[in-house]
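Presented below is the structure to which this report refers.
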Amino acid sequence: MNRRLGLAGLFLFSLQSYASSNSDVIAQGEYLARAADCMACHTQDSAKPFAGGVKFELPVGTLYSTNISPDKQQGIGNYSEAEFSRAVREGVAKEGKRLYPAMPYNAYAKLSDQDIHALYTYFMQGVKPIDQPNRDNDIPWYLAARWPLRLWNAINAPEPVSTPSSPDDSDPIKRGAWLVEGPGHCGACHTPRGWMMQEKALTAASERYLSGAEVEGWYAPSLRQLPYDAAQTAQILKTGHNATSAVTGPMSAVITHSSQYLTDSDAKAIGLYLHSIRIEKNQQTAAPQLTMTDPDKNYLRYCSTCHGKEGRGTPNVIPSLQNNLIVAADNPASLIRVMAYGADTPQTLGQLSWSMPGYRHALDEQQLADLTNYVRGRFAGKQEKVTASQVKAILSTQ
């Protein structure tokens, strides 16, 4: 009798240990899914997480993200772990179909076998199955063929790694590099692309890496010329703003769904890594002109109320126009879009979000060009002039 009770107790203890261990793996997978920004790209309806349907405007046409919930009909519920690994790290779906490289498998190739196991366990056991059909892509038939992707992968995609585990925080710069180059896939937006639409660099060994790029009508600025330190970088990743800057545009979704959930040490590690690869820009333009000589009347009317006559803003609330990434960027697209359509800061835990109104209704294309030139010239020393036709072209991109 006692022997049976003892065996039963051992069995129950083993079940509890397994459940605890499995819970830890699921939690690890959820954290990696957050770090990899899976939610933002695969969730169109917040009530249906990971059910796909997010629209991406690409040079070849319109692509819609797929259902990656564990639904067995519409999602990935029938994937084995090996098939899941191949899709995530090599861009090959279960049936052998090549995935378009809008899926950043070139970055996910840095995920280890242990990482993949945690992600697979999370998606199969920690995510609710959603029976939502995948939406057909709107890509012309002559560009929709997938067989050329085999050649594209051979040229542009790295081999997956099988390291025992991901870098820990004992070396924060190494950890930050892995987060940025791997699951965070920051290069997908911030690195310029070549004629094959490939990222021109995948690591900081090349100065092109994270040097800034156009994305869906916005300009993702260089991350190698950040005007603030590692701690301020970590704050903007966690909250969407820091003492002098705020985030809007496509990066808002990244912060809302992904980076705000990073541990403080991981956010700091990213900041330290980006600071370690910082490139001092060779200034070819004149120094910023911060005096109020010949002020732009539209700046005084629409901008100075919040940003101030000297463009300093309000610390941790209204971003400064001095040392501002989108003001100082060589490409004015983001600045023009913010002026025209306004901006919203990300929704993050415990932080207030604020909105800036847009002035497309009040300013025509020439006035927006003049205002852009004033702000860029005064606060960033930019001498290049934006024209009304450039403004029209930028605002025509949705």
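Letters A, B, ... go to the chains of the structure tokens in the order shown; residues in each chain start at 1; ligands are counted from 1 in the same order.
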Contacts of range 221-236 of chain A at 8 Å (only C-alpha atoms; same-chain gap of 5+ positions) as a PyMOL selection string: chain A and resi 190+210-213+241-243+245-247+264+267-272+274-275+277-281+323-326+329
Extract the full set of alpha helix (DSSP H) residues from range 234-383 of chain A according to DSSP on the backbone, and format it as a PyMOL selection string. chain A and resi 234-239+250-257+264-276+297-298+304-307+325-328+333-341+365-380
List the neighbours of Lys385 in chain A out to 9 Å using only C-alpha atoms; skip same-chain residues closer than 6 positions along the sequence, and give me the result as a JSON list (two decimals) with C-alpha atoms, in the first residue's frame.
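Output contents, as saved in selection_23.json:
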```json
[["chain", "number", "residue", "atom", "x", "y", "z"],
["A", 369, "ALA", "CA", 7.92, 72.03, -48.85],
["A", 370, "ASP", "CA", 8.76, 75.49, -47.49],
["A", 372, "THR", "CA", 10.16, 71.27, -44.36],
["A", 373, "ASN", "CA", 13.06, 73.30, -45.73],
["A", 377, "GLY", "CA", 17.70, 74.12, -42.42]]
```
Using only C-alpha atoms, the shortest atom-to-atom distance to Gly187 in chain A among A:Ile68, A:Met124, A:Cys306, A:Val215 belongs to A:Val215
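Non-sequential neighbours of Pro101 in chain A (distance at most 12 Å, separation of 4 or more positions within a chain, only C-alpha atoms) are A:Leu58, A:Val60, A:Leu63, A:Ser65, A:Ala87, A:Val88, A:Arg89, A:Glu90, A:Gly91, A:Val92, A:Tyr105, A:Asn106, A:Ala107, A:Tyr108, A:Arg146, A:Pro148, A:Leu149, A:Arg150, A:Trp152, A:Asn153, A:Asn156, A:Ala157, A:Ala188, A:Met196, A:Met197, A:Gln198, A:Glu199.
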Can you check which residues of range 80-311 of chain A DSSP gives as strand (DSSP E or B) on the backbone and send them as a PyMOL selection string? chain A and resi 92+98+138+193+199+213-215+218-220+241+246
Residues from last step as file, N, CA and C atoms, as a PDB file, in the first residue's frame:
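The resulting out_20.pdb:
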```pdb
ATOM      1  N   VAL A  92      11.204  28.118 -45.973  1.00  0.00           N
ATOM      2  CA  VAL A  92      10.571  27.057 -46.753  1.00  0.00           C
ATOM      3  C   VAL A  92       9.376  26.525 -45.975  1.00  0.00           C
ATOM      4  N   ARG A  98       8.544  28.059 -51.263  1.00  0.00           N
ATOM      5  CA  ARG A  98       9.453  29.085 -50.781  1.00  0.00           C
ATOM      6  C   ARG A  98       8.685  30.307 -50.301  1.00  0.00           C
ATOM      7  N   ASP A 138      -1.730  39.970 -53.788  1.00  0.00           N
ATOM      8  CA  ASP A 138      -2.054  40.688 -55.024  1.00  0.00           C
ATOM      9  C   ASP A 138      -0.733  41.037 -55.724  1.00  0.00           C
ATOM     10  N   ARG A 193      18.466  48.442 -49.502  1.00  0.00           N
ATOM     11  CA  ARG A 193      18.353  47.207 -50.269  1.00  0.00           C
ATOM     12  C   ARG A 193      18.911  47.377 -51.675  1.00  0.00           C
ATOM     13  N   GLU A 199      18.837  42.939 -48.452  1.00  0.00           N
ATOM     14  CA  GLU A 199      19.540  43.877 -47.587  1.00  0.00           C
ATOM     15  C   GLU A 199      21.004  43.909 -48.012  1.00  0.00           C
ATOM     16  N   ALA A 213      17.010  53.549 -44.543  1.00  0.00           N
ATOM     17  CA  ALA A 213      16.381  53.067 -45.774  1.00  0.00           C
ATOM     18  C   ALA A 213      14.922  53.503 -45.833  1.00  0.00           C
ATOM     19  N   GLU A 214      14.381  53.548 -47.042  1.00  0.00           N
ATOM     20  CA  GLU A 214      12.968  53.831 -47.239  1.00  0.00           C
ATOM     21  C   GLU A 214      12.153  52.580 -46.985  1.00  0.00           C
ATOM     22  N   VAL A 215      10.995  52.758 -46.337  1.00  0.00           N
ATOM     23  CA  VAL A 215      10.122  51.626 -46.081  1.00  0.00           C
ATOM     24  C   VAL A 215       8.669  52.102 -46.050  1.00  0.00           C
ATOM     25  N   TRP A 218       7.923  55.763 -45.684  1.00  0.00           N
ATOM     26  CA  TRP A 218       8.642  56.410 -44.590  1.00  0.00           C
ATOM     27  C   TRP A 218      10.144  56.228 -44.798  1.00  0.00           C
ATOM     28  N   TYR A 219      10.922  56.936 -44.009  1.00  0.00           N
ATOM     29  CA  TYR A 219      12.366  56.737 -44.025  1.00  0.00           C
ATOM     30  C   TYR A 219      12.802  56.268 -42.649  1.00  0.00           C
ATOM     31  N   ALA A 220      13.295  55.034 -42.593  1.00  0.00           N
ATOM     32  CA  ALA A 220      13.820  54.500 -41.337  1.00  0.00           C
ATOM     33  C   ALA A 220      15.238  55.029 -41.178  1.00  0.00           C
ATOM     34  N   HIS A 241       9.515  56.866 -26.263  1.00  0.00           N
ATOM     35  CA  HIS A 241      10.084  58.214 -26.199  1.00  0.00           C
ATOM     36  C   HIS A 241      11.229  58.223 -25.204  1.00  0.00           C
ATOM     37  N   ALA A 246      10.816  61.061 -29.790  1.00  0.00           N
ATOM     38  CA  ALA A 246       9.642  60.189 -29.740  1.00  0.00           C
ATOM     39  C   ALA A 246       9.544  59.439 -31.056  1.00  0.00           C
TER      40      ALA A 246
END
```
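For the atom pair formed by CA of Lys200 in chain A and CA of Gln44 in chain A, the distance is 29.4 Å, given to one decimal.
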Show which residues sit within 7 Å of Ile26 in chain A, as a PyMOL selection string. Count only C-alpha atoms, and ignore same-chain residues fewer than 4 positions away. chain A and resi 22+30+118+121-122+126
With a distance cut-off of 9 Å and only C-alpha atoms, select the neighbouring residues of Asp115 in chain A, excluding the residue or stretch itself and same-chain residues fewer than 2 positions from it, and output the selection as a list in words.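 Contacts, with the query itself left out: Gln28, Gly29, Leu32, Leu111, Ser112, Asp113, His117, Ala118, Leu119, Tyr120, Ser165 and Ser166 of chain A.
Closest to Tyr64 in chain A among A:Ala102, A:Ala362, A:Ala27, A:Ala93 is A:Ala102, based on only C-alpha atoms.
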Any idea what the distance is between CA of Ser85 in chain A and CA of Tyr142 in chain A?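 Between these atoms lies a distance of 29.4 Å.
Closest approach to Pro140 in chain A among A:Thr256, A:Tyr79, A:Pro59, A:Glu159 is made by A:Pro59 (distances from only C-alpha atoms).
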Just give me the gap between CA of Asp330 in chain A and CA of Gly61 in chain A in Å, one decimal is fine.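 Distance between the two atoms: 26.8 Å.
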Which is closest to Ala40 in chain A among A:Thr314, A:Ser258, A:Ser353, A:Ser389, if we use only C-alpha atoms? A:Ser258
